[in-house]
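I have placed the structure first, in the form of structure tokens, so that the comments after it can refer back to it.
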Amino acid sequence: MTLVYLAVAWCAGIWLAHQLWGLAVIGCGTSGWLFAAPALAAAAIAALLRQRAQVRWAAVLLILLLLGGWRYQQHPFAACASATTLASYNGSAETPVRASVEGVIAGYPDVRDTRTFYRLRADTLTIGARTIPVQGDVLVQAPRFPAYAFGDRIRASGQLETPPTFDDFDYAAYLSMRGVHSLLRRARTELIAQDQSRSFWTILYGLRARGAELLNRALPEPAAALANGMLLGIESGIPDDVGEAFQATGTSHVIVISGSNIALLTGVLMGLLARVLGKARAPYPVAVAVIFYVLLVGADPPALRAGIMGVLYVIAIALGRASTAYVSLCASALIMCLLNPLALWDIGFQLSFSATLGLILFTPPIQARFERFFARHLSEDRSWQVMGVLNDALIVTLAAQVPTLPLLVYYFGRLSLVSLVANFLILPAQPPIMIGGMAALVVGLIWEVLGRIAALIPWFFLTYTTAVVSALATVPLASVETGAVGRLLAVLYGVGLAIAMAFRRFPRLRALLPPHAGRWLAAAAGSAWLMLMAINQIPDGRLHVTFIPGEDGEVVLITTPGGRRAWVWDGRGDGAALATVTRAELSAGRPEMSLAVGPDAGDLWPGARALEPEHTPPGTVVRLDGTVELTRLAAGDGWLLRYGRFRTLVPATIRPEAQAELLRAPLEDPPITLLKAPGAGTGVWPTGEFLAALAPQVILWPDDTTYPPNVAAWLSQRRATAISSDSVVEVTSDGERMWLQQRSGMGKR
């Protein structure tokens with residue numbers, strides 16, 4: 001357990017230094033002697049009093065605490081400014097800096113539908129006529145074509161800025177954990193040279209790209225995209241609706257590289273190589289293979305932690321020692337935070353660490369309880385058969401979810417009520433996917449025909465997995481938003497869990513409580529938590545369309561009867577400000593968006609499915625819910641929202657030329673139930689011909705707007721409903737009727 005305490009002290013030092021940094025006690029200019037001097041003093045005390053075990057260990061833990069703090073001070077979230085630091089020249093979203101950055105692509109390209117994100121290791125920055133040698137990585141947001149590869153030297157020109165921080169997602173911190181402190185948006189790129197990186201990484205990422213191409217050719221979608229995520233760590237190709245289904249059912253952990261992948265790889269390789277090389281020699285090539293695979297898939301925190309634990313496992317076998325799970329887990333955390341102290345705040349690392357800790361702590365007692373239950377009701381043979389089925393799916397899922405549940409609720413604000421059922425049904429299918437997929441990759445890289453044949457095995461189980469997840473995602477209340485109350489209860493749950501673990505670790509503390517008090521308290525708290533969240537987050541079964549005004553533009557927030565949200569912006573005004581106002585509207589709940597429409601929608605709403613107007617063809621239909629649809633207008637300027645007999649156009653600011661085009665190709669299913677007229681400052685208005693053709697039943701007419709006389713006369717004759725130009729207007733509909741609510745707005749500045 002010595003390593004456990006050392007790891008705790010190291011991580012505590014990192015956390016404490018982060019707090020001191022936030023209080024401005026330490027900073028970029030802090031001397032390393034602030035940590036070195038007390039560490040040397042503690043080392044001297046430990047040497048002088050080495051006969052006193054308690055003093056010696058206290059000194060050692062203090063040294064680890066100080067070294068952890070020093071490691072954070074050398075690698076903080078904020079980039080320390082200097083004349084050669086790229087981040088020193090960042091602008092902001094409000095005042096971006098037009099710049100050109102030249103460097104080498106230093107990561108695997110993240111390919112999306114219409115854009116590609118490149119991690120560029122910059123060495124030259126040009127602002128105006130000034131060229132500066134710099135150091136630092138920048139995330140370049142570029143069009144999908146032309147495409148570049150790892151190791152290519154490119155020049156990218158665009159808006160250089162500090163990554164933004166949103167209310168529900170700290171994008172700047174997310175990139176800082178990965179060593180990126182700058183963002184280059186709307187970049188134009190130019191190839192300077194190819195293959196400028198080290199040969200090992202070029203070969204490695206080239207192999208990864210070949211594997212991805214093989215899977216894409218051998219498997220249909222979405223099986224190919226899922227296989228890329230499970231086997232190669234390439235998650236960007238997974239369709240949005242499929243990814244949302246996995247999230248809603250609490251099964252997204254199976255489509256990313258995790259401990260189960262590494263465990264399967266380690267077990268298969270150990271079994272094969274032990275027969276060829278012998279048990280004594282097999283662990284060494286297995287360790288090399290695990291390291292190679294972790295590097296191949298990108299070495300993200302969950303994969304890195306699992307890889308370190310896998311290597312520790314095979315080393316323990318080679319040394320003939322039993323490797324305790326606690327020691328391996330804490331050793332992996334210590335190594336990860338030594339390499340990158342910011343990994344301590346990585347959500348993936350926290351979830352992976354907690355899930356593994358849950359397996360260690362809770363699998364034996366949960367399994368024992370199931371065994372006692374079935375032993376009382378079934379024969380011995382039947383009991384063993386049932387336990388064999390439950391052990392790998394239900395019990396493991398329960399054990400992992402005990403400590404991860406508060407983290408999931410706190411960070412993502414959602415709780416899946418079908419997670420246990422979904423995991424129980426799909427977890428048995430994952431080993432065939434992993435083993436069959438790896439075999440297809442290895443064989444296919446040698447002879448593609450055999451690879452395609454081998455891919456039939458993972459295809460069958462991937463199809464089954466997708467079908468189960470998609471079906472369960474449609475179950476009412478499959479996933480509920482927890483809101484602020486749920487997050488508070490998640491914190492209390494986490495604290496209570498930590499106390500319970502302490503009572504379990506130290507038996508003397510258990511004597512202070514009545515028998516079974518902890519069990520009944522946990523059951524009552526858990527039941528109350530689930531009930532409160534479910535009651536608080538049950539959708540009202542109606543469509544809500546909220547029109548939010550801004551300085552020079554407007555957005556529409558759509559909430560479906562099932563609780564899904566869409567954000568539609570026409571590109572006018574300040575999109576970041578409008579997104580901030582929208583988040584304020586959602587402050588009572590979780591500001592989570594399923595769909596975001598508008599320029600740079602993916603940046604404004606990370607995690608949402610993003611549709612950019614210039615890349616969305618007319619006629620595109622997006623199903624938001626089972627009965628709610630958005631259809632891209634043939635005019636290419638706006639969307640038609642349908643729900644039952646309710647129809648409206650979003651956003652409100654349709655250009656006059658687009659209105660004329662719509663008149664030439666009229667809508668298929670008029671009449672329009674509701675039409676919101678554009679507000680002041682948008683520079684557009686509905687033409688008389690357009691209003692007459694649509695014949696909307698209800699028209700919302702913002703005051704302080706200047707329309708042509710014939711348009712104003714038409715609106716007056718039809719008795720359009722007057723609304724305040726700076727108010728937020730919410731229209732609610734059950735598909736037959738609609739209700740209007742107007743409240744003071746926050747969109748105007």
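By order of appearance in the structure tokens: chains A, B, ..., then residues from 1 within every chain, and ligands from 1 in the order shown.
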10 Å contact set for Ala440 (chain A), only C-alpha atoms, chain neighbours under 2 positions out, as a ChimeraX atom specification: /A:211,214-215,218,434-438,442-458
Would you save the residues from that selection as a tab-separated table (two decimals), in the first residue's frame, using C-alpha atoms?
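Below is the file that was written, again.tsv:
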```
chain	number	residue	atom	x	y	z
A	211	GLY	CA	-6.57	0.53	-40.54
A	214	LEU	CA	-9.76	-0.90	-44.18
A	215	LEU	CA	-12.61	-0.82	-41.65
A	218	ALA	CA	-14.98	-3.78	-44.99
A	434	MET	CA	-12.78	-6.57	-30.12
A	435	ILE	CA	-11.18	-9.92	-30.96
A	436	GLY	CA	-12.82	-10.21	-34.36
A	437	GLY	CA	-12.09	-6.58	-35.20
A	438	MET	CA	-8.42	-6.83	-34.25
A	442	VAL	CA	-4.20	-7.63	-38.72
A	443	VAL	CA	-5.25	-10.03	-41.47
A	444	GLY	CA	-6.68	-7.28	-43.68
A	445	LEU	CA	-3.47	-5.25	-43.63
A	446	ILE	CA	-1.76	-8.34	-45.09
A	447	TRP	CA	-4.53	-9.49	-47.45
A	448	GLU	CA	-7.68	-7.37	-47.60
A	449	VAL	CA	-9.92	-10.17	-48.88
A	450	LEU	CA	-9.35	-12.21	-45.72
A	451	GLY	CA	-9.80	-9.07	-43.66
A	452	ARG	CA	-13.23	-8.50	-45.19
A	453	ILE	CA	-14.23	-12.09	-44.37
A	454	ALA	CA	-12.99	-11.77	-40.79
A	455	ALA	CA	-14.91	-8.47	-40.46
A	456	LEU	CA	-18.20	-10.38	-40.70
A	457	ILE	CA	-17.84	-11.37	-37.03
A	458	PRO	CA	-17.57	-7.84	-35.62
```
Residue contacts of Glu371 (chain A) (9 Å, only C-alpha atoms) excluding same-chain residues fewer than 5 positions away, as a ChimeraX atom specification: /A:366,376,383-384,387
Residues of region 279-491 of chain A in alpha helix (DSSP H), written as JSON, numbers by chain: {"A": [283, 284, 285, 286, 287, 288, 289, 290, 291, 292, 293, 294, 295, 296, 301, 302, 303, 304, 305, 306, 307, 308, 309, 310, 311, 312, 313, 314, 315, 316, 317, 318, 319, 325, 326, 327, 328, 329, 330, 331, 332, 333, 334, 335, 336, 337, 338, 339, 347, 348, 349, 350, 351, 352, 353, 354, 355, 356, 357, 358, 359, 360, 361, 362, 363, 364, 365, 366, 367, 368, 369, 370, 371, 372, 373, 374, 375, 376, 377, 380, 381, 382, 383, 384, 385, 386, 387, 388, 389, 390, 396, 397, 398, 399, 400, 401, 402, 403, 404, 405, 406, 407, 408, 409, 410, 411, 412, 419, 420, 421, 422, 423, 424, 425, 426, 430, 431, 432, 433, 434, 435, 436, 437, 438, 439, 440, 441, 442, 443, 444, 445, 446, 448, 449, 450, 451, 452, 453, 454, 456, 457, 458, 459, 460, 461, 462, 463, 464, 465, 466, 467, 468, 469, 470, 471, 472, 473, 483, 484, 485, 486, 487, 488, 489, 490, 491]}
Gln742 (chain A) surroundings by only C-alpha atoms, 10 Å radius, close-in-sequence under 6 positions cut, as a PyMOL selection string: chain A and resi 546-547+723-724+727-731
Could you take the residues named above and write them with C-alpha atoms, as a compact mmCIF listing (two decimals), in the first residue's frame?
```txt
# COMPACT_ATOMS: atom_id res chain seq x y z
CA THR A 546 -38.49 30.37 -27.89
CA PHE A 547 -37.52 33.44 -29.94
CA ILE A 723 -44.56 42.08 -28.83
CA SER A 724 -41.68 43.97 -27.26
CA SER A 727 -38.50 40.45 -25.04
CA VAL A 728 -38.09 36.69 -25.11
CA VAL A 729 -41.20 35.11 -26.63
CA GLU A 730 -42.04 31.47 -25.96
CA VAL A 731 -44.68 29.67 -28.01
```
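Distances from A:Gly541, A:Pro133, A:Gly103, A:Pro651 to Ala193 (chain A) were compared using only C-alpha atoms, and the smallest one belongs to A:Gly103.
Minimum atom-to-atom distance to Thr165 (chain A), evaluated using only C-alpha atoms, belongs to A:Ala579 out of A:Val597, A:Val311, A:Ala37, A:Ala579.
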Might you pull out every residue within 10 Å of Leu175 (chain A), with only C-alpha atoms counted and same-chain residues fewer than 6 positions away left off, and present them as an mmCIF file with N, CA and C atoms, in the first residue's frame?
```
data_model
loop_
_atom_site.group_PDB
_atom_site.id
_atom_site.type_symbol
_atom_site.label_atom_id
_atom_site.label_comp_id
_atom_site.auth_asym_id
_atom_site.auth_seq_id
_atom_site.Cartn_x
_atom_site.Cartn_y
_atom_site.Cartn_z
ATOM 1 N N PHE A 77 -2.588 25.157 -16.214
ATOM 2 C CA PHE A 77 -3.612 25.315 -17.245
ATOM 3 C C PHE A 77 -3.313 26.526 -18.129
ATOM 4 N N ASP A 137 1.497 24.813 -29.441
ATOM 5 C CA ASP A 137 0.575 24.105 -30.316
ATOM 6 C C ASP A 137 -0.705 24.913 -30.481
ATOM 7 N N VAL A 138 -1.252 24.883 -31.695
ATOM 8 C CA VAL A 138 -2.493 25.579 -31.992
ATOM 9 C C VAL A 138 -3.441 24.598 -32.666
ATOM 10 N N LEU A 139 -4.717 24.666 -32.309
ATOM 11 C CA LEU A 139 -5.728 23.847 -32.955
ATOM 12 C C LEU A 139 -6.286 24.629 -34.140
ATOM 13 N N PRO A 163 -8.914 29.795 -26.754
ATOM 14 C CA PRO A 163 -10.127 28.963 -26.782
ATOM 15 C C PRO A 163 -11.168 29.475 -25.797
ATOM 16 N N HIS A 181 -3.045 25.782 -26.342
ATOM 17 C CA HIS A 181 -3.508 27.021 -25.705
ATOM 18 C C HIS A 181 -4.000 28.055 -26.716
ATOM 19 N N SER A 182 -4.029 27.694 -27.992
ATOM 20 C CA SER A 182 -4.443 28.645 -29.031
ATOM 21 C C SER A 182 -5.393 27.963 -29.996
ATOM 22 N N LEU A 183 -6.285 28.770 -30.579
ATOM 23 C CA LEU A 183 -7.261 28.287 -31.547
ATOM 24 C C LEU A 183 -7.207 29.184 -32.771
#
```
